[in-house]
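A short worksheet on the structure shown next.
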Amino acid sequence: MARPILRALGAGGGTSRDPAGPAVRRGRGRGMYRLLIPSLGRGLLRAAARRCGVCSARLLPGPAGGRAPEVEVPPSRVAPHGGGSSLLPLLAALAWFSRPAAAEEEEERQGAGGAAAEDAADEAEAEIIQLLKRAKLSIMKDEPEEAELILHDALRLAYQSDNKKAITYTYDLMANLAFTRGQLENAEKLFKATMSYLLGGGMRQEDNAIIEISLKLASIYAAQNRQEFALAGYEFCISTLEEKIEREKELAEEDILSVEEKANTHLLLGMCLDAYARYLLFSKQPSEAQRMCEKALHISEEILGERHPQTIVLMSDLATTLDAQGRFDEACVYVQRASDLARQIEHPELHMLLSNLAAILMHKERYAQAKEIYQEALKQAELKRDEVSIQHIREELAELSRKSRPLT
C-alpha cells in the first residue's frame with residue numbers, strides 16, 4: 001500500500017512553523033518571548049476524560065501553582081523552585097489598600113534599588129536569550145544532546161529570575177526537541193507544562209498556538225496506542241477550529257481579522273484534518289480518512305495553490321486513502337498528478353511521492369511501469385540519503401520482482 005507521507009513541512013508532524021525558529025527579541029523590562037508552539041488546552045483534557053471513563057486527566061499546576069511541573073531533567077541542571085512565591089502577587093494587592101505611611105517612606109528609600117533590580121533582570125534575560133540561541137544552533141547542527149543541556153541551563157536561569165515568559169518559551173523548545181527525538185512521554189509532560197503557563201497567562205484554548213500543540217499531543221497519544229485520548233485530541237482540534245472559523249464570519253467589520261490570520265486558521269484546520277485522516281487510515285477506516293483528506297486538500301488548494309509542496313503531499317495522502325479502498329484508478333489519478341507537480345517544483349520529498357505512485361501502479365498490476373518509477377524513487381532517496389526510504393523502496397522492488405515473475 002502507498003504510504004502517507006510523514007513530512008517535515010509541519011515541523012515534525014504537526015506545526016506549520018519551525019519549532020526551533022527564532023522567536024525571542026530583546027526588550028526593556030523582561031523582553032518579549034513569542035511562543036511558536038504552545039500546548040494542550042483544557043478542553044482536550046476534559047474531552048479525553050469524558051471519552052475514557054476510567055481515565056482521569058488533570059491540568060498540571062500553572063504559574064500560580066507554586067512549583068514547576070515534573071519533567072525528566074538532570075537534577076544538576078534544575079534550580080530549586082519554592083512554593084511561596086506564588087503568594088506574592090496576592091499579598092501585594094492586599095497591602096495596596098492597607099499600607100502604612102512607614103511603608104510608603106520605605107518604598108521611596110528603595111526606589112534606586114528597584115532600578116538596580118530591573119537592570120539585573122535585563123542582564124538575566126540577555127543571558128537566557130543567548131542560551132536559547134545556542135540551543136537552537138545546536139538543534140540546527142543536529143546536536144540534540146547539547147541542545148538539551150543548554151535548554152536546562154536556560155530553564156534554571158529563567159526560574160532564578162522568575163521570568164515566566166522565558167520559562168514558558170524554554171519549556172516549549174524542550175517539548176519540541178523531545179518530540180522530534182521520539183521521547184514521547186517526556187514531550188507530553190513538557191507540552192503540558194507549557195500549556196499550564198500559557199493558560200495561566202490568559203491565553204484562550206481556541207488560540208491557534210494551543211491547537212497546534214493539542215495536535216502534537218494527539219499524535220503522541222496515537223503513537224502510544226492511547227486511542228481514546230488520541231481521538232478526543234483530534235476531535236477537539238477540528239471542532240474548535242471549525243467553530244472559530246464560523247464565528248469569524250460573523251465579526252463586525254472593525255473586528256475582522258487580517259487575511260493572514262484567517263489563512264493561518266484555515267491552514268491549521270487543514271493540517272488537523274490531514275493528521276486525523278492518517279490516524280483513521282491506520283485505524284482501518286479508509287473511507288472516513290478519505291473524507292478528511294478531501295477537506296484538507298480543498299483548503300490547501302484554495303489558500304496555497306495546487307503547486308505548493310503541502311498541497312502536493314495532500315494529493316498523495318488522498319490517493320493513499322483511495323488505494324486502501326481498492327479504488328486504484330482514482331488513486332492513480334491523484335498520485336500521478338502529485339508526482340508530476342513534485343518533479344516540476346523539485347519537491348523535497350519527491351522520492352516518497354514517487355514511491356507512492358509506484359505502489360499504486362503495482363496494485364494495478366502495471367509492473368513494468370511500477371519498476372521504472374521505483375528505480376527513479378530509489379535514485380532520489382539515495383541523493384537525499386534517506387536510509388529509511390532507501391530500505392523501503394528496495395523491499396518494494398524485491399516484492400515487485402516476485403509478483404512480476406512469470407509462473408512456471
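A note on labels: chains of the C-alpha cells are A, B, ... as shown, every chain counts residues from 1, and ligands are counted from 1 in their shown order.
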
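All residues of protein, DNA or RNA that reach within 8 Å of Met352 (chain A), judged by only C-alpha atoms and not counting those fewer than 2 positions away in the chain, are Ile5, Glu349, Leu350, Leu354, Ser355, Asn356, Ala377, Ala381 and Ser389 of chain A.
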
Export, as a PDB file, in the first residue's frame, the selected residues with all heavy atoms.
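Printed below is again04.pdb as written:
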ATOM      1  N   ILE A   5       2.596  10.361   3.565  1.00  0.00           N
ATOM      2  CA  ILE A   5       3.885  11.000   3.783  1.00  0.00           C
ATOM      3  C   ILE A   5       3.887  11.688   5.129  1.00  0.00           C
ATOM      4  O   ILE A   5       3.099  12.586   5.395  1.00  0.00           O
ATOM      5  CB  ILE A   5       4.189  12.001   2.662  1.00  0.00           C
ATOM      6  CG1 ILE A   5       4.318  11.247   1.339  1.00  0.00           C
ATOM      7  CG2 ILE A   5       5.454  12.774   2.946  1.00  0.00           C
ATOM      8  CD1 ILE A   5       4.635  12.115   0.172  1.00  0.00           C
ATOM      9  N   GLU A 349      10.410  15.984  -1.046  1.00  0.00           N
ATOM     10  CA  GLU A 349      10.049  14.595  -0.763  1.00  0.00           C
ATOM     11  C   GLU A 349       9.586  13.881  -2.034  1.00  0.00           C
ATOM     12  O   GLU A 349       8.728  13.007  -2.001  1.00  0.00           O
ATOM     13  CB  GLU A 349       8.968  14.559   0.319  1.00  0.00           C
ATOM     14  CG  GLU A 349       9.530  14.992   1.658  1.00  0.00           C
ATOM     15  CD  GLU A 349       8.464  15.251   2.699  1.00  0.00           C
ATOM     16  OE1 GLU A 349       7.276  15.249   2.327  1.00  0.00           O
ATOM     17  OE2 GLU A 349       8.811  15.445   3.853  1.00  0.00           O
ATOM     18  N   LEU A 350      10.211  14.243  -3.134  1.00  0.00           N
ATOM     19  CA  LEU A 350       9.869  13.641  -4.421  1.00  0.00           C
ATOM     20  C   LEU A 350       9.999  12.117  -4.367  1.00  0.00           C
ATOM     21  O   LEU A 350       9.157  11.397  -4.917  1.00  0.00           O
ATOM     22  CB  LEU A 350      10.768  14.215  -5.520  1.00  0.00           C
ATOM     23  CG  LEU A 350      10.650  13.583  -6.906  1.00  0.00           C
ATOM     24  CD1 LEU A 350       9.228  13.709  -7.445  1.00  0.00           C
ATOM     25  CD2 LEU A 350      11.660  14.211  -7.870  1.00  0.00           C
ATOM     26  N   LEU A 354       7.066   9.517  -5.428  1.00  0.00           N
ATOM     27  CA  LEU A 354       7.271   8.532  -6.497  1.00  0.00           C
ATOM     28  C   LEU A 354       7.070   7.114  -5.982  1.00  0.00           C
ATOM     29  O   LEU A 354       6.513   6.261  -6.684  1.00  0.00           O
ATOM     30  CB  LEU A 354       8.684   8.686  -7.073  1.00  0.00           C
ATOM     31  CG  LEU A 354       8.947   9.962  -7.874  1.00  0.00           C
ATOM     32  CD1 LEU A 354      10.435  10.089  -8.201  1.00  0.00           C
ATOM     33  CD2 LEU A 354       8.109   9.984  -9.155  1.00  0.00           C
ATOM     34  N   SER A 355       7.514   6.865  -4.769  1.00  0.00           N
ATOM     35  CA  SER A 355       7.318   5.537  -4.177  1.00  0.00           C
ATOM     36  C   SER A 355       5.834   5.224  -4.032  1.00  0.00           C
ATOM     37  O   SER A 355       5.389   4.098  -4.289  1.00  0.00           O
ATOM     38  CB  SER A 355       8.020   5.471  -2.817  1.00  0.00           C
ATOM     39  OG  SER A 355       7.821   4.223  -2.198  1.00  0.00           O
ATOM     40  N   ASN A 356       5.052   6.211  -3.634  1.00  0.00           N
ATOM     41  CA  ASN A 356       3.606   6.015  -3.534  1.00  0.00           C
ATOM     42  C   ASN A 356       2.991   5.727  -4.904  1.00  0.00           C
ATOM     43  O   ASN A 356       2.114   4.869  -5.044  1.00  0.00           O
ATOM     44  CB  ASN A 356       2.949   7.246  -2.911  1.00  0.00           C
ATOM     45  CG  ASN A 356       3.093   7.282  -1.406  1.00  0.00           C
ATOM     46  OD1 ASN A 356       3.655   6.370  -0.801  1.00  0.00           O
ATOM     47  ND2 ASN A 356       2.599   8.342  -0.798  1.00  0.00           N
ATOM     48  N   ALA A 377      12.583   6.577  -7.868  1.00  0.00           N
ATOM     49  CA  ALA A 377      12.433   6.945  -6.461  1.00  0.00           C
ATOM     50  C   ALA A 377      13.679   6.572  -5.663  1.00  0.00           C
ATOM     51  O   ALA A 377      14.121   7.329  -4.787  1.00  0.00           O
ATOM     52  CB  ALA A 377      11.205   6.251  -5.867  1.00  0.00           C
ATOM     53  N   ALA A 381      15.991   8.992  -3.415  1.00  0.00           N
ATOM     54  CA  ALA A 381      16.198   8.716  -1.988  1.00  0.00           C
ATOM     55  C   ALA A 381      17.680   8.647  -1.654  1.00  0.00           C
ATOM     56  O   ALA A 381      18.115   9.111  -0.593  1.00  0.00           O
ATOM     57  CB  ALA A 381      15.499   7.415  -1.605  1.00  0.00           C
ATOM     58  N   SER A 389      13.779   5.385   3.631  1.00  0.00           N
ATOM     59  CA  SER A 389      13.106   5.257   2.335  1.00  0.00           C
ATOM     60  C   SER A 389      13.864   4.333   1.395  1.00  0.00           C
ATOM     61  O   SER A 389      13.262   3.573   0.634  1.00  0.00           O
ATOM     62  CB  SER A 389      12.935   6.638   1.689  1.00  0.00           C
ATOM     63  OG  SER A 389      11.988   7.407   2.393  1.00  0.00           O
TER      64      SER A 389
END

Would you give me, as a PyMOL selection string, the residues in region 246-401 of chain A that DSSP reads as helix (DSSP H, G or I)? chain A and resi 246-249+253-255+259-282+286-303+309-324+328-345+350-363+367-384+387-401

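Residue nearest Glu212 (chain A) within the list A:Ser316, A:Ser196, A:Gln369, A:Asn264: A:Asn264 [criterion: smallest interatomic distance, only C-alpha atoms].
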
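For the choices A:Phe328, A:Phe282, A:Phe236, A:Tyr334, the atom-to-atom distance to Glu306 (chain A) is smallest for A:Tyr334 when using only C-alpha atoms.
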
So which residues touch Arg327 (chain A) within 10 Å, counting only C-alpha atoms, skipping near sequence neighbours fewer than 5 positions away, as a PyMOL selection string? chain A and resi 319-322+332+360+363-364

If you keep N, CA, C and O atoms, can you produce a file of those selected residues as a PDB file, in the first residue's frame?
ATOM      1  N   ALA A 319      -4.680   9.992  -2.324  1.00  0.00           N
ATOM      2  CA  ALA A 319      -4.510   8.799  -3.153  1.00  0.00           C
ATOM      3  C   ALA A 319      -4.334   7.556  -2.290  1.00  0.00           C
ATOM      4  O   ALA A 319      -4.861   6.479  -2.609  1.00  0.00           O
ATOM      5  N   THR A 320      -3.618   7.707  -1.183  1.00  0.00           N
ATOM      6  CA  THR A 320      -3.394   6.569  -0.290  1.00  0.00           C
ATOM      7  C   THR A 320      -4.699   6.068   0.301  1.00  0.00           C
ATOM      8  O   THR A 320      -4.919   4.858   0.422  1.00  0.00           O
ATOM      9  N   THR A 321      -5.598   6.978   0.663  1.00  0.00           N
ATOM     10  CA  THR A 321      -6.886   6.551   1.230  1.00  0.00           C
ATOM     11  C   THR A 321      -7.735   5.838   0.185  1.00  0.00           C
ATOM     12  O   THR A 321      -8.458   4.890   0.504  1.00  0.00           O
ATOM     13  N   LEU A 322      -7.664   6.291  -1.054  1.00  0.00           N
ATOM     14  CA  LEU A 322      -8.405   5.629  -2.131  1.00  0.00           C
ATOM     15  C   LEU A 322      -7.806   4.253  -2.436  1.00  0.00           C
ATOM     16  O   LEU A 322      -8.515   3.284  -2.672  1.00  0.00           O
ATOM     17  N   CYS A 332      -4.694   6.477  -8.614  1.00  0.00           N
ATOM     18  CA  CYS A 332      -3.612   6.717  -9.578  1.00  0.00           C
ATOM     19  C   CYS A 332      -3.690   8.123 -10.160  1.00  0.00           C
ATOM     20  O   CYS A 332      -2.669   8.768 -10.386  1.00  0.00           O
ATOM     21  N   ILE A 360       0.984   2.165  -6.096  1.00  0.00           N
ATOM     22  CA  ILE A 360      -0.368   2.095  -6.655  1.00  0.00           C
ATOM     23  C   ILE A 360      -0.340   1.463  -8.041  1.00  0.00           C
ATOM     24  O   ILE A 360      -1.228   0.681  -8.411  1.00  0.00           O
ATOM     25  N   HIS A 363      -0.289  -2.162  -7.559  1.00  0.00           N
ATOM     26  CA  HIS A 363      -1.616  -2.690  -7.232  1.00  0.00           C
ATOM     27  C   HIS A 363      -2.490  -2.814  -8.483  1.00  0.00           C
ATOM     28  O   HIS A 363      -3.387  -3.662  -8.541  1.00  0.00           O
ATOM     29  N   LYS A 364      -2.229  -1.966  -9.459  1.00  0.00           N
ATOM     30  CA  LYS A 364      -2.960  -2.040 -10.730  1.00  0.00           C
ATOM     31  C   LYS A 364      -2.334  -3.080 -11.672  1.00  0.00           C
ATOM     32  O   LYS A 364      -2.765  -3.216 -12.808  1.00  0.00           O
TER      33      LYS A 364
END

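The gap separating CA of Arg343 (chain A) from CA of Pro309 (chain A) is 10.9 Å, in Å to one decimal.
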
Would you list the contacts of Ala338 (chain A) as a list in words, taking every protein, DNA or RNA residue within 6 Å and counting only C-alpha atoms, but skipping same-chain residues closer than 2 positions in sequence? Ile312, Met315, Val335, Gln336, Asp340 and Leu341 of chain A

Please produce an output containing all heavy atoms for each residue in the selection, written as an mmCIF file, in the first residue's frame.
data_model
loop_
_atom_site.group_PDB
_atom_site.id
_atom_site.type_symbol
_atom_site.label_atom_id
_atom_site.label_comp_id
_atom_site.auth_asym_id
_atom_site.auth_seq_id
_atom_site.Cartn_x
_atom_site.Cartn_y
_atom_site.Cartn_z
ATOM 1 N N ILE A 312 0.673 19.292 -2.667
ATOM 2 C CA ILE A 312 1.107 18.094 -3.391
ATOM 3 C C ILE A 312 1.124 16.880 -2.463
ATOM 4 O O ILE A 312 0.703 15.779 -2.838
ATOM 5 C CB ILE A 312 2.493 18.342 -4.018
ATOM 6 C CG1 ILE A 312 2.376 19.411 -5.114
ATOM 7 C CG2 ILE A 312 3.083 17.052 -4.574
ATOM 8 C CD1 ILE A 312 3.708 19.915 -5.632
ATOM 9 N N MET A 315 -2.381 15.650 -1.928
ATOM 10 C CA MET A 315 -2.865 14.860 -3.056
ATOM 11 C C MET A 315 -2.437 13.403 -2.906
ATOM 12 O O MET A 315 -3.217 12.473 -3.137
ATOM 13 C CB MET A 315 -2.294 15.401 -4.374
ATOM 14 C CG MET A 315 -2.902 16.690 -4.860
ATOM 15 S SD MET A 315 -2.140 17.141 -6.450
ATOM 16 C CE MET A 315 -2.678 18.848 -6.559
ATOM 17 N N VAL A 335 -2.232 10.518 -7.382
ATOM 18 C CA VAL A 335 -0.808 10.365 -7.093
ATOM 19 C C VAL A 335 0.032 10.673 -8.323
ATOM 20 O O VAL A 335 1.162 11.165 -8.203
ATOM 21 C CB VAL A 335 -0.514 8.950 -6.533
ATOM 22 C CG1 VAL A 335 -0.549 7.887 -7.618
ATOM 23 C CG2 VAL A 335 0.809 8.934 -5.787
ATOM 24 N N GLN A 336 -0.499 10.417 -9.526
ATOM 25 C CA GLN A 336 0.229 10.783 -10.749
ATOM 26 C C GLN A 336 0.342 12.297 -10.856
ATOM 27 O O GLN A 336 1.415 12.828 -11.191
ATOM 28 C CB GLN A 336 -0.502 10.229 -11.972
ATOM 29 C CG GLN A 336 0.223 10.510 -13.295
ATOM 30 C CD GLN A 336 1.509 9.732 -13.432
ATOM 31 O OE1 GLN A 336 1.500 8.507 -13.493
ATOM 32 N NE2 GLN A 336 2.634 10.442 -13.480
ATOM 33 N N ASP A 340 3.841 14.431 -10.805
ATOM 34 C CA ASP A 340 4.184 15.351 -11.893
ATOM 35 C C ASP A 340 4.511 16.745 -11.353
ATOM 36 O O ASP A 340 5.506 17.368 -11.752
ATOM 37 C CB ASP A 340 3.036 15.438 -12.898
ATOM 38 C CG ASP A 340 2.839 14.144 -13.678
ATOM 39 O OD1 ASP A 340 3.761 13.297 -13.677
ATOM 40 O OD2 ASP A 340 1.753 13.976 -14.276
ATOM 41 N N LEU A 341 3.672 17.234 -10.438
ATOM 42 C CA LEU A 341 3.908 18.552 -9.850
ATOM 43 C C LEU A 341 5.183 18.547 -9.011
ATOM 44 O O LEU A 341 5.943 19.529 -8.997
ATOM 45 C CB LEU A 341 2.712 18.964 -8.994
ATOM 46 C CG LEU A 341 1.428 19.312 -9.746
ATOM 47 C CD1 LEU A 341 0.257 19.446 -8.777
ATOM 48 C CD2 LEU A 341 1.604 20.607 -10.550
#

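Our summary of the geometry notes that CA of Glu125 (chain A) is positioned 7.9 Å from CA of Ala166 (chain A).
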
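Across the structure, CA of Glu242 (chain A) and CA of Phe179 (chain A) are spaced 26.5 Å apart.
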
I'd like the contact shell of Thr311 (chain A) - 9 Å cut-off, only C-alpha atoms, skipping same-chain residues fewer than 6 positions apart - returned as a ChimeraX atom specification. /A:296-301,304-305,338

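For the choices A:Ser239, A:Gln310, A:Glu372, A:Ser287, the atom-to-atom distance to Pro348 (chain A) is smallest for A:Gln310 when using only C-alpha atoms.
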
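Counting only C-alpha atoms and comparing A:Ile128, A:Leu173, A:Cys237, A:Ala324, the residue that lies closest to Ser214 (chain A) is A:Cys237.
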
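Nearest-residue note for Leu199 (chain A): choosing from A:Gln183, A:Lys403, A:Ala370, A:Thr168, the minimum distance belongs to A:Thr168, counting only C-alpha atoms.
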